[in-house]
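Shown next: start01.json, containing JSON, C-alpha atoms.
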[["chain", "number", "residue", "atom", "x", "y", "z"],
["V", 21, "MET", "CA", -7.99, -30.55, 16.75],
["V", 22, "SER", "CA", -10.90, -30.33, 14.39],
["V", 23, "GLY", "CA", -11.28, -30.97, 10.69],
["V", 24, "HIS", "CA", -11.12, -27.31, 9.70],
["V", 25, "SER", "CA", -7.46, -27.26, 10.75],
["V", 26, "HIS", "CA", -6.58, -30.24, 8.62],
["V", 27, "TRP", "CA", -4.04, -28.31, 6.58],
["V", 28, "SER", "CA", -1.87, -28.03, 9.69],
["V", 29, "THR", "CA", -2.68, -31.10, 11.74],
["V", 30, "ILE", "CA", -0.84, -33.61, 9.58],
["V", 31, "LYS", "CA", 1.98, -31.18, 8.89],
["V", 32, "ARG", "CA", 4.58, -33.22, 10.76],
["V", 33, "LYS", "CA", 3.83, -36.43, 8.87],
["V", 34, "LYS", "CA", 3.41, -34.63, 5.57],
["V", 35, "GLY", "CA", 6.63, -32.67, 6.08],
["V", 36, "ALA", "CA", 8.58, -35.84, 6.75],
["V", 37, "ALA", "CA", 7.11, -37.50, 3.67],
["V", 38, "ASP", "CA", 7.92, -34.48, 1.51],
["V", 39, "ALA", "CA", 11.51, -34.40, 2.69],
["V", 40, "LYS", "CA", 11.93, -38.10, 2.11],
["V", 41, "LYS", "CA", 10.57, -37.86, -1.42],
["V", 42, "GLY", "CA", 12.44, -34.67, -2.21],
["V", 43, "ALA", "CA", 9.10, -33.11, -3.13],
["V", 44, "MET", "CA", 8.99, -30.21, -0.67],
["V", 45, "PHE", "CA", 10.69, -27.66, -2.92],
["V", 46, "THR", "CA", 8.48, -28.70, -5.83],
["V", 47, "ARG", "CA", 5.35, -28.02, -3.78],
["V", 48, "LEU", "CA", 6.69, -24.69, -2.57],
["V", 49, "ALA", "CA", 7.71, -23.65, -6.09],
["V", 50, "ARG", "CA", 4.24, -24.46, -7.40],
["V", 51, "GLU", "CA", 2.64, -22.46, -4.60],
["V", 52, "ILE", "CA", 4.85, -19.46, -5.38],
["V", 53, "ALA", "CA", 4.22, -19.74, -9.13],
["V", 54, "LEU", "CA", 0.45, -19.91, -8.66],
["V", 55, "ALA", "CA", 0.42, -16.98, -6.25],
["V", 56, "ALA", "CA", 2.47, -14.93, -8.71],
["V", 57, "ARG", "CA", 0.21, -15.94, -11.59],
["V", 58, "SER", "CA", -2.95, -14.86, -9.79],
["V", 59, "GLY", "CA", -1.74, -11.72, -8.02],
["V", 60, "GLY", "CA", 1.46, -10.56, -9.73],
["V", 61, "GLY", "CA", 5.14, -11.02, -8.97],
["V", 62, "ASP", "CA", 5.57, -8.24, -6.39],
["V", 63, "PRO", "CA", 5.21, -9.70, -2.87],
["V", 64, "SER", "CA", 4.62, -6.25, -1.39],
["V", 65, "MET", "CA", 1.44, -6.06, -3.45],
["V", 66, "ASN", "CA", 0.49, -9.76, -3.25],
["V", 67, "VAL", "CA", -0.14, -11.17, 0.23],
["V", 68, "SER", "CA", -0.43, -14.76, -0.99],
["V", 69, "LEU", "CA", 2.95, -14.51, -2.74],
["V", 70, "GLU", "CA", 4.54, -12.88, 0.29],
["V", 71, "LEU", "CA", 3.40, -15.74, 2.55],
["V", 72, "ALA", "CA", 4.44, -18.40, 0.03],
["V", 73, "ILE", "CA", 7.93, -16.88, -0.16],
["V", 74, "GLU", "CA", 8.14, -16.79, 3.63],
["V", 75, "ARG", "CA", 7.27, -20.49, 3.81],
["V", 76, "ALA", "CA", 9.88, -21.26, 1.15],
["V", 77, "ARG", "CA", 12.58, -19.34, 3.00],
["V", 78, "ALA", "CA", 11.66, -21.05, 6.27],
["V", 79, "SER", "CA", 12.25, -24.37, 4.49],
["V", 80, "ASN", "CA", 15.65, -23.16, 3.22],
["V", 81, "MET", "CA", 14.58, -23.05, -0.40],
["V", 82, "PRO", "CA", 17.37, -21.43, -2.49],
["V", 83, "LYS", "CA", 16.82, -17.82, -3.53],
["V", 84, "ASP", "CA", 17.28, -18.57, -7.22],
["V", 85, "SER", "CA", 14.61, -21.28, -7.03],
["V", 86, "ILE", "CA", 12.19, -18.80, -5.49],
["V", 87, "GLU", "CA", 12.93, -16.23, -8.18],
["V", 88, "ARG", "CA", 12.56, -18.84, -10.91],
["V", 89, "ALA", "CA", 9.16, -19.88, -9.52],
["V", 90, "ILE", "CA", 8.00, -16.25, -9.54],
["V", 91, "LYS", "CA", 9.13, -15.84, -13.15],
["V", 92, "ARG", "CA", 7.31, -19.01, -14.13],
["V", 93, "GLY", "CA", 4.14, -17.75, -12.50],
["V", 94, "THR", "CA", 4.27, -14.34, -14.17],
["V", 95, "GLY", "CA", 5.10, -15.86, -17.56],
["V", 96, "VAL", "CA", 8.63, -14.45, -17.81],
["V", 97, "ASP", "CA", 10.05, -17.98, -17.71],
["V", 98, "LYS", "CA", 8.18, -20.14, -20.20],
["V", 99, "GLU", "CA", 10.13, -23.35, -19.56],
["V", 100, "GLY", "CA", 8.21, -26.40, -18.40],
["V", 101, "ALA", "CA", 4.65, -27.51, -19.03],
["V", 102, "GLU", "CA", 1.72, -25.35, -17.98],
["V", 103, "LEU", "CA", 0.65, -25.76, -14.37],
["V", 104, "LEU", "CA", -3.02, -26.62, -14.01],
["V", 105, "GLU", "CA", -4.94, -25.86, -10.81],
["V", 106, "ILE", "CA", -7.66, -28.48, -10.41],
["V", 107, "THR", "CA", -9.95, -29.14, -7.45],
["V", 108, "TYR", "CA", -11.30, -32.65, -7.04],
["V", 109, "GLU", "CA", -13.94, -33.97, -4.67],
["V", 110, "GLY", "CA", -13.71, -37.35, -3.05],
["V", 111, "TYR", "CA", -15.31, -39.83, -0.69],
["V", 112, "LEU", "CA", -12.80, -41.10, 1.87],
["V", 113, "GLY", "CA", -14.82, -44.05, 3.11],
["V", 114, "LYS", "CA", -16.68, -44.42, 6.43],
["V", 115, "GLY", "CA", -18.93, -41.49, 5.48],
["V", 116, "ALA", "CA", -16.15, -38.88, 5.37],
["V", 117, "SER", "CA", -15.43, -36.71, 2.34],
["V", 118, "ALA", "CA", -12.78, -34.25, 1.16],
["V", 119, "VAL", "CA", -11.95, -31.43, -1.20],
["V", 120, "ILE", "CA", -8.58, -32.09, -2.86],
["V", 121, "GLU", "CA", -6.67, -29.19, -4.39],
["V", 122, "CYS", "CA", -4.10, -30.23, -6.98],
["V", 123, "VAL", "CA", -1.48, -28.59, -9.14],
["V", 124, "THR", "CA", -0.40, -30.73, -12.04],
["V", 125, "GLU", "CA", 1.17, -30.81, -15.46],
["V", 126, "ASN", "CA", -0.70, -33.99, -16.35],
["V", 127, "ARG", "CA", -4.41, -34.18, -15.56],
["V", 128, "ASN", "CA", -4.76, -37.86, -16.52],
["V", 129, "ARG", "CA", -1.92, -38.90, -14.21],
["V", 130, "THR", "CA", -3.43, -36.98, -11.33],
["V", 131, "VAL", "CA", -6.90, -38.47, -11.74],
["V", 132, "ALA", "CA", -5.51, -42.00, -11.94],
["V", 133, "ASP", "CA", -3.40, -41.46, -8.81],
["V", 134, "LEU", "CA", -6.27, -40.01, -6.78],
["V", 135, "ARG", "CA", -8.67, -42.73, -7.86],
["V", 136, "HIS", "CA", -6.16, -45.42, -6.87],
["V", 137, "ILE", "CA", -5.57, -43.92, -3.41],
["V", 138, "LEU", "CA", -9.26, -43.40, -2.71],
["V", 139, "SER", "CA", -10.39, -46.81, -3.92],
["V", 140, "LYS", "CA", -7.68, -48.52, -1.89],
["V", 141, "GLY", "CA", -9.13, -46.85, 1.22],
["V", 142, "GLY", "CA", -12.72, -47.72, 0.39],
["V", 143, "GLY", "CA", -13.59, -44.39, -1.22],
["V", 144, "ASP", "CA", -13.85, -42.90, -4.69],
["V", 145, "LEU", "CA", -13.77, -39.66, -6.64],
["V", 146, "ALA", "CA", -17.00, -37.70, -6.41],
["V", 147, "SER", "CA", -18.82, -35.72, -9.08],
["V", 148, "ASN", "CA", -18.44, -31.94, -9.16],
["V", 149, "GLY", "CA", -20.52, -30.23, -6.50],
["V", 150, "SER", "CA", -21.33, -33.37, -4.53],
["V", 151, "VAL", "CA", -18.83, -32.52, -1.77],
["V", 152, "THR", "CA", -17.95, -28.83, -2.02],
["V", 153, "TRP", "CA", -21.39, -27.75, -0.77],
["V", 154, "GLN", "CA", -20.37, -29.18, 2.60],
["V", 155, "PHE", "CA", -17.50, -26.68, 2.87],
["V", 156, "GLU", "CA", -16.94, -22.92, 3.00],
["V", 157, "ARG", "CA", -13.80, -21.09, 1.91],
["V", 158, "LYS", "CA", -12.31, -19.17, 4.82],
["V", 159, "ALA", "CA", -9.26, -17.03, 5.53],
["V", 160, "ILE", "CA", -7.22, -18.81, 8.21],
["V", 161, "TYR", "CA", -4.18, -17.45, 10.04],
["V", 162, "THR", "CA", -1.99, -19.12, 12.64],
["V", 163, "VAL", "CA", 0.05, -17.06, 15.10],
["V", 164, "LYS", "CA", 2.48, -18.55, 17.61],
["V", 165, "SER", "CA", 1.31, -17.45, 21.02],
["V", 166, "ASP", "CA", 3.08, -19.30, 23.84],
["V", 167, "GLY", "CA", 0.28, -17.98, 26.03],
["V", 168, "LYS", "CA", 1.29, -14.35, 25.54],
["V", 169, "TYR", "CA", -0.46, -12.74, 22.60],
["V", 170, "PHE", "CA", -4.07, -13.92, 22.57],
["V", 171, "ASP", "CA", -5.61, -10.58, 23.59],
["V", 172, "LYS", "CA", -3.56, -8.67, 21.04],
["V", 173, "ALA", "CA", -4.38, -11.17, 18.29],
["V", 174, "PHE", "CA", -8.05, -11.22, 19.24],
["V", 175, "GLU", "CA", -8.30, -7.43, 19.03],
["V", 176, "ALA", "CA", -6.44, -7.29, 15.70],
["V", 177, "ALA", "CA", -8.53, -10.10, 14.19],
["V", 178, "LEU", "CA", -11.81, -8.62, 15.38],
["V", 179, "GLU", "CA", -10.89, -5.26, 13.90],
["V", 180, "ALA", "CA", -10.23, -6.94, 10.53],
["V", 181, "GLY", "CA", -13.58, -8.74, 10.46],
["V", 182, "ALA", "CA", -12.61, -12.23, 11.62],
["V", 183, "ASP", "CA", -15.31, -14.64, 12.82],
["V", 184, "ASP", "CA", -13.43, -16.75, 15.33],
["V", 185, "VAL", "CA", -10.20, -16.68, 17.34],
["V", 186, "THR", "CA", -9.05, -19.70, 19.35],
["V", 187, "GLU", "CA", -5.86, -20.81, 21.09],
["V", 188, "GLU", "CA", -4.55, -24.35, 21.42],
["V", 189, "ASP", "CA", -1.14, -25.90, 22.08],
["V", 190, "GLY", "CA", 0.62, -22.53, 21.99],
["V", 191, "TYR", "CA", -0.92, -21.39, 18.71],
["V", 192, "ILE", "CA", -3.68, -18.91, 17.96],
["V", 193, "GLU", "CA", -5.95, -19.71, 15.03],
["V", 194, "ILE", "CA", -7.92, -16.91, 13.37],
["V", 195, "ILE", "CA", -10.76, -17.66, 10.98],
["V", 196, "GLY", "CA", -12.65, -15.13, 8.89],
["V", 197, "PRO", "CA", -14.58, -14.73, 5.64],
["V", 198, "ALA", "CA", -12.43, -15.21, 2.55],
["V", 199, "GLU", "CA", -12.73, -11.54, 1.65],
["V", 200, "THR", "CA", -11.02, -10.53, 4.94],
["V", 201, "PHE", "CA", -7.77, -12.34, 4.06],
["V", 202, "LYS", "CA", -5.70, -9.22, 3.35],
["V", 203, "ALA", "CA", -7.34, -7.19, 6.11],
["V", 204, "ILE", "CA", -6.41, -9.81, 8.71],
["V", 205, "HIS", "CA", -2.86, -9.95, 7.36],
["V", 206, "ASP", "CA", -2.46, -6.18, 7.58],
["V", 207, "SER", "CA", -4.07, -5.97, 11.03],
["V", 208, "LEU", "CA", -1.80, -8.67, 12.48],
["V", 209, "ALA", "CA", 1.27, -7.04, 10.92],
["V", 210, "ASN", "CA", 0.30, -3.64, 12.35],
["V", 211, "ALA", "CA", -0.05, -5.27, 15.78],
["V", 212, "GLY", "CA", 3.48, -6.66, 15.48],
["V", 213, "LEU", "CA", 2.32, -10.28, 15.36],
["V", 214, "HIS", "CA", 4.21, -12.80, 13.22],
["V", 215, "THR", "CA", 2.12, -15.15, 11.09],
["V", 216, "GLU", "CA", 3.23, -18.79, 11.25],
["V", 217, "ASP", "CA", 0.95, -19.87, 8.42],
["V", 218, "ALA", "CA", -1.96, -18.48, 6.46],
["V", 219, "GLY", "CA", -4.15, -19.19, 3.49],
["V", 220, "LEU", "CA", -7.61, -19.50, 2.03],
["V", 221, "ARG", "CA", -8.84, -22.91, 3.20],
["V", 222, "MET", "CA", -11.94, -25.01, 2.84],
["V", 223, "VAL", "CA", -13.70, -25.40, 6.19],
["V", 224, "PRO", "CA", -16.40, -28.07, 6.69],
["V", 225, "LYS", "CA", -19.82, -26.79, 7.75],
["V", 226, "GLN", "CA", -20.30, -29.96, 9.79],
["V", 227, "GLU", "CA", -17.80, -32.59, 10.87],
["V", 228, "VAL", "CA", -18.15, -36.37, 10.77],
["V", 229, "GLU", "CA", -17.24, -38.17, 14.00],
["V", 230, "LEU", "CA", -16.19, -41.83, 13.75],
["V", 231, "ASP", "CA", -14.89, -44.44, 16.17],
["V", 232, "PRO", "CA", -11.08, -44.55, 16.71],
["V", 233, "ASP", "CA", -10.38, -47.37, 14.25],
["V", 234, "GLN", "CA", -12.52, -45.82, 11.51],
["V", 235, "THR", "CA", -10.90, -42.44, 12.15],
["V", 236, "LEU", "CA", -7.44, -43.99, 11.77],
["V", 237, "SER", "CA", -8.52, -45.67, 8.54],
["V", 238, "VAL", "CA", -9.70, -42.38, 7.04],
["V", 239, "LEU", "CA", -6.62, -40.51, 8.26],
["V", 240, "LYS", "CA", -4.48, -43.03, 6.38],
["V", 241, "VAL", "CA", -6.34, -42.18, 3.18],
["V", 242, "ILE", "CA", -5.90, -38.45, 3.81],
["V", 243, "SER", "CA", -2.21, -38.93, 4.51],
["V", 244, "ALA", "CA", -1.76, -40.95, 1.30],
["V", 245, "LEU", "CA", -3.48, -38.21, -0.67],
["V", 246, "GLU", "CA", -1.22, -35.55, 0.83],
["V", 247, "GLU", "CA", 1.85, -37.58, -0.12],
["V", 248, "SER", "CA", 0.80, -37.58, -3.79],
["V", 249, "ASP", "CA", 3.10, -35.37, -5.85],
["V", 250, "ASP", "CA", 0.27, -33.40, -7.46],
["V", 251, "VAL", "CA", -1.73, -32.72, -4.29],
["V", 252, "GLN", "CA", -1.28, -29.34, -2.63],
["V", 253, "ASN", "CA", -4.06, -29.42, -0.01],
["V", 254, "VAL", "CA", -6.64, -31.84, 1.33],
["V", 255, "TYR", "CA", -9.61, -30.56, 3.34],
["V", 256, "SER", "CA", -11.78, -33.15, 5.04],
["V", 257, "ASN", "CA", -14.88, -33.09, 7.20],
["V", 258, "LEU", "CA", -13.42, -35.73, 9.52],
["V", 259, "LYS", "CA", -13.31, -34.84, 13.21],
["V", 260, "TYR", "CA", -10.21, -36.11, 14.98],
["V", 261, "THR", "CA", -7.95, -35.48, 17.95],
["V", 262, "ASN", "CA", -4.23, -35.26, 18.70],
["V", 263, "GLU", "CA", -4.48, -38.83, 19.97],
["V", 264, "ASP", "CA", -5.78, -39.95, 16.57],
["V", 265, "LEU", "CA", -2.85, -38.24, 14.85],
["V", 266, "GLU", "CA", -0.39, -39.87, 17.23],
["V", 267, "ARG", "CA", -1.85, -43.27, 16.31],
["V", 268, "LEU", "CA", -1.40, -42.36, 12.64],
["V", 269, "GLU", "CA", 2.26, -41.48, 13.13],
["V", 270, "GLU", "CA", 2.89, -44.66, 15.15],
["V", 271, "ASP", "CA", 1.15, -46.93, 12.64]]

What does this structure look like when you write it as structure tokens?
Amino acid sequence: MSGHSHWSTIKRKKGAADAKKGAMFTRLAREIALAARSGGGDPSMNVSLELAIERARASNMPKDSIERAIKRGTGVDKEGAELLEITYEGYLGKGASAVIECVTENRNRTVADLRHILSKGGGDLASNGSVTWQFERKAIYTVKSDGKYFDKAFEAALEAGADDVTEEDGYIEIIGPAETFKAIHDSLANAGLHTEDAGLRMVPKQEVELDPDQTLSVLKVISALEESDDVQNVYSNLKYTNEDLERLEED
């Protein structure tokens, strides 16, 4: 798997870490609150909120927690500190870099945590703009295929303006310009295809390929970042394989 799919490739390890730390519901609640804040509290009119709620339900998040997160996002519930959306840029060591999307109530705590993780792995925080130019924001959808639905997904994605449709390990990945996010969602729904995951992600324009040991070293830094309480997403330009991820999980 390539770097542009990073949001899903460490999902197993990240999911286990979240469950162990009891942080999964916190992440999901923040995602719901932010989606509601940016697009309103009605999921039928807000694709991002609809998908966030679906992910929360799939993780057995209680209904009242979902509703409370929506109210927090729309401003109905004013309890708790304000959630800040902050994007950081970082060097991961070995020539790899990342865009790190955070949601936090304490900016100073988040910066200190990120700096500690990056420096421990031989990297550092980067100045604004020094990394993001290497990435493009794209609409990315994942549909479970099992070898059955590629043609239908390809036709629906093409009709909605997607750039690329690929299939690997029983999943179809659809990538398109950010502005096609809702169109792809609607086209897949009209075709009767269920979306496993979706979002606006940062895709590297060019990937960095390292030797196996260096790749493992950088993956450890990425994994540590993803386990940080304030980190929602990490997008790297590192190129890696399933074998590299298996080494990470075994380490």

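Computed from the coordinates, the CA of Ile86 in chain V to CA of Gly60 in chain V distance equals 14.2 Å.
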
Within-7 Å shell of (-10.3, -31.6, -7.5) in input frame, all atoms listed in the file, as an mmCIF file with C-alpha atoms, keeping the file's coordinate frame:
data_model
loop_
_atom_site.group_PDB
_atom_site.id
_atom_site.type_symbol
_atom_site.label_atom_id
_atom_site.label_comp_id
_atom_site.auth_asym_id
_atom_site.auth_seq_id
_atom_site.Cartn_x
_atom_site.Cartn_y
_atom_site.Cartn_z
ATOM 1 C CA ILE V 106 -7.660 -28.480 -10.410
ATOM 2 C CA THR V 107 -9.950 -29.140 -7.450
ATOM 3 C CA TYR V 108 -11.300 -32.650 -7.040
ATOM 4 C CA GLU V 109 -13.940 -33.970 -4.670
ATOM 5 C CA VAL V 119 -11.950 -31.430 -1.200
ATOM 6 C CA ILE V 120 -8.580 -32.090 -2.860
ATOM 7 C CA GLU V 121 -6.670 -29.190 -4.390
ATOM 8 C CA CYS V 122 -4.100 -30.230 -6.980
#

Neighbour residues at most 10 Å from (-12.4, -21.9, 3.3) (all atoms listed in the file) as a PDB file with C-alpha atoms, in the coordinates of the input:
ATOM      1  CA  HIS V  24     -11.120 -27.310   9.700  1.00  0.00           C
ATOM      2  CA  PHE V 155     -17.500 -26.680   2.870  1.00  0.00           C
ATOM      3  CA  GLU V 156     -16.940 -22.920   3.000  1.00  0.00           C
ATOM      4  CA  ARG V 157     -13.800 -21.090   1.910  1.00  0.00           C
ATOM      5  CA  LYS V 158     -12.310 -19.170   4.820  1.00  0.00           C
ATOM      6  CA  ALA V 159      -9.260 -17.030   5.530  1.00  0.00           C
ATOM      7  CA  ILE V 160      -7.220 -18.810   8.210  1.00  0.00           C
ATOM      8  CA  ILE V 195     -10.760 -17.660  10.980  1.00  0.00           C
ATOM      9  CA  GLY V 196     -12.650 -15.130   8.890  1.00  0.00           C
ATOM     10  CA  PRO V 197     -14.580 -14.730   5.640  1.00  0.00           C
ATOM     11  CA  ALA V 198     -12.430 -15.210   2.550  1.00  0.00           C
ATOM     12  CA  GLY V 219      -4.150 -19.190   3.490  1.00  0.00           C
ATOM     13  CA  LEU V 220      -7.610 -19.500   2.030  1.00  0.00           C
ATOM     14  CA  ARG V 221      -8.840 -22.910   3.200  1.00  0.00           C
ATOM     15  CA  MET V 222     -11.940 -25.010   2.840  1.00  0.00           C
ATOM     16  CA  VAL V 223     -13.700 -25.400   6.190  1.00  0.00           C
ATOM     17  CA  PRO V 224     -16.400 -28.070   6.690  1.00  0.00           C
ATOM     18  CA  LYS V 225     -19.820 -26.790   7.750  1.00  0.00           C
ATOM     19  CA  TYR V 255      -9.610 -30.560   3.340  1.00  0.00           C
TER      20      TYR V 255
END

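With only C-alpha atoms as the atoms that count, the minimum distance from Tyr169 in chain V to the choices V:His136, V:Leu208, V:Ala182, V:Asp249 is reached by V:Leu208.
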
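Among the candidate residues V:Ala211, V:Met44, V:Ala146, V:Val151, the one lying nearest to Phe174 in chain V is V:Ala211, with distances computed using only C-alpha atoms.
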
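For the atom pair formed by CA of Val96 in chain V and CA of Asp84 in chain V, the distance is 14.3 Å, given to one decimal.
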
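Among the candidate residues V:Phe45, V:Tyr161, V:Phe201, V:Trp153, the one lying nearest to Glu187 in chain V is V:Tyr161, with distances computed using only C-alpha atoms.
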
Quiz item: Which residues come within 7 Å of Ser165 in chain V, counting only C-alpha atoms, excluding same-chain residues fewer than 6 positions away, as JSON, numbers by chain?
Solution: {"V": [190, 191, 192]}

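If you look at CA of Ile194 in chain V and CA of Gln154 in chain V, they are 20.5 Å away from each other.
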
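Using all atoms listed in the file, the shortest contact distance between Thr94 in chain V and any of V:Ser58, V:Asn253, V:Asn66, V:Thr162 is found at V:Ser58.
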
Exercise. Pick out the closest residue to His214 in chain V from this set: V:Arg77, V:Lys240, V:Arg47, V:Lys164. Count all atoms listed in the file.
Key: V:Lys164

Could you list, with a cut-off of 12 Å and counting all atoms listed in the file, the residues of range 84-130 of chain V near range 50-56 of chain V, each shown with its nearest atom pair and the distance in Å rounded to one decimal, rows sorted by chain and ascending number, as a tab-separated table?
residue	atom	partner	partner_atom	distance
V:Ser85	CA	V:Ile52	CA	10.1
V:Ile86	CA	V:Ile52	CA	7.4
V:Glu87	CA	V:Ile52	CA	9.1
V:Arg88	CA	V:Ala53	CA	8.6
V:Ala89	CA	V:Ala53	CA	5.0
V:Ile90	CA	V:Ala53	CA	5.2
V:Lys91	CA	V:Ala53	CA	7.4
V:Arg92	CA	V:Ala53	CA	5.9
V:Gly93	CA	V:Ala53	CA	3.9
V:Thr94	CA	V:Ala56	CA	5.8
V:Gly95	CA	V:Ala56	CA	9.3
V:Val96	CA	V:Ala56	CA	11.0
V:Asp97	CA	V:Ala53	CA	10.5
V:Lys98	CA	V:Ala53	CA	11.8
V:Gly100	CA	V:Arg50	CA	11.9
V:Glu102	CA	V:Ala53	CA	10.8
V:Leu103	CA	V:Arg50	CA	7.9
V:Leu104	CA	V:Leu54	CA	9.3
V:Glu105	CA	V:Leu54	CA	8.3
V:Ile106	CA	V:Leu54	CA	11.9
V:Glu121	CA	V:Glu51	CA	11.5
V:Cys122	CA	V:Arg50	CA	10.2
V:Val123	CA	V:Arg50	CA	7.3
V:Thr124	CA	V:Arg50	CA	9.1
V:Glu125	CA	V:Arg50	CA	10.7

Quiz item: If you count only C-alpha atoms, which residues fall within 10 Å of Asp233 in chain V, apart from same-chain ones fewer than 4 positions away, as JSON, numbers by chain?
Solution: {"V": [237, 238, 239, 264, 267]}

With C-alpha atoms kept, could you save the residues just selected as a short mmCIF file (atom, residue, chain, number, x, y, z; two decimals), in the coordinates of the input?
data_model
loop_
_atom_site.label_atom_id
_atom_site.label_comp_id
_atom_site.auth_asym_id
_atom_site.auth_seq_id
_atom_site.Cartn_x
_atom_site.Cartn_y
_atom_site.Cartn_z
CA SER V 237 -8.52 -45.67 8.54
CA VAL V 238 -9.70 -42.38 7.04
CA LEU V 239 -6.62 -40.51 8.26
CA ASP V 264 -5.78 -39.95 16.57
CA ARG V 267 -1.85 -43.27 16.31
#

Mind working out the centre and edge lengths of an axis-aligned box for range 175-181 of chain V, all listed atoms inside, 5 Å added to each side, rounded to one decimal in Å and written as JSON?
{"center_x": -10.0, "center_y": -7.7, "center_z": 14.7, "size_x": 17.1, "size_y": 14.8, "size_z": 18.6}

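With all atoms listed in the file as the atoms that count, the minimum distance from Leu71 in chain V to the choices V:Ser117, V:Ser147, V:Asn128, V:Thr215 is reached by V:Thr215.
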
Quiz prompt | Shell of 9 Å around Ala203 in chain V, all atoms listed in the file, local chain residues under 5 positions omitted, as a VMD selection string | solution = chain V and resid 177 179 to 181 208

Selection export as a compact mmCIF listing (two decimals), in the frame of the given file, atoms kept: C-alpha atoms:
# COMPACT_ATOMS: atom_id res chain seq x y z
CA ALA V 177 -8.53 -10.10 14.19
CA GLU V 179 -10.89 -5.26 13.90
CA ALA V 180 -10.23 -6.94 10.53
CA GLY V 181 -13.58 -8.74 10.46
CA LEU V 208 -1.80 -8.67 12.48
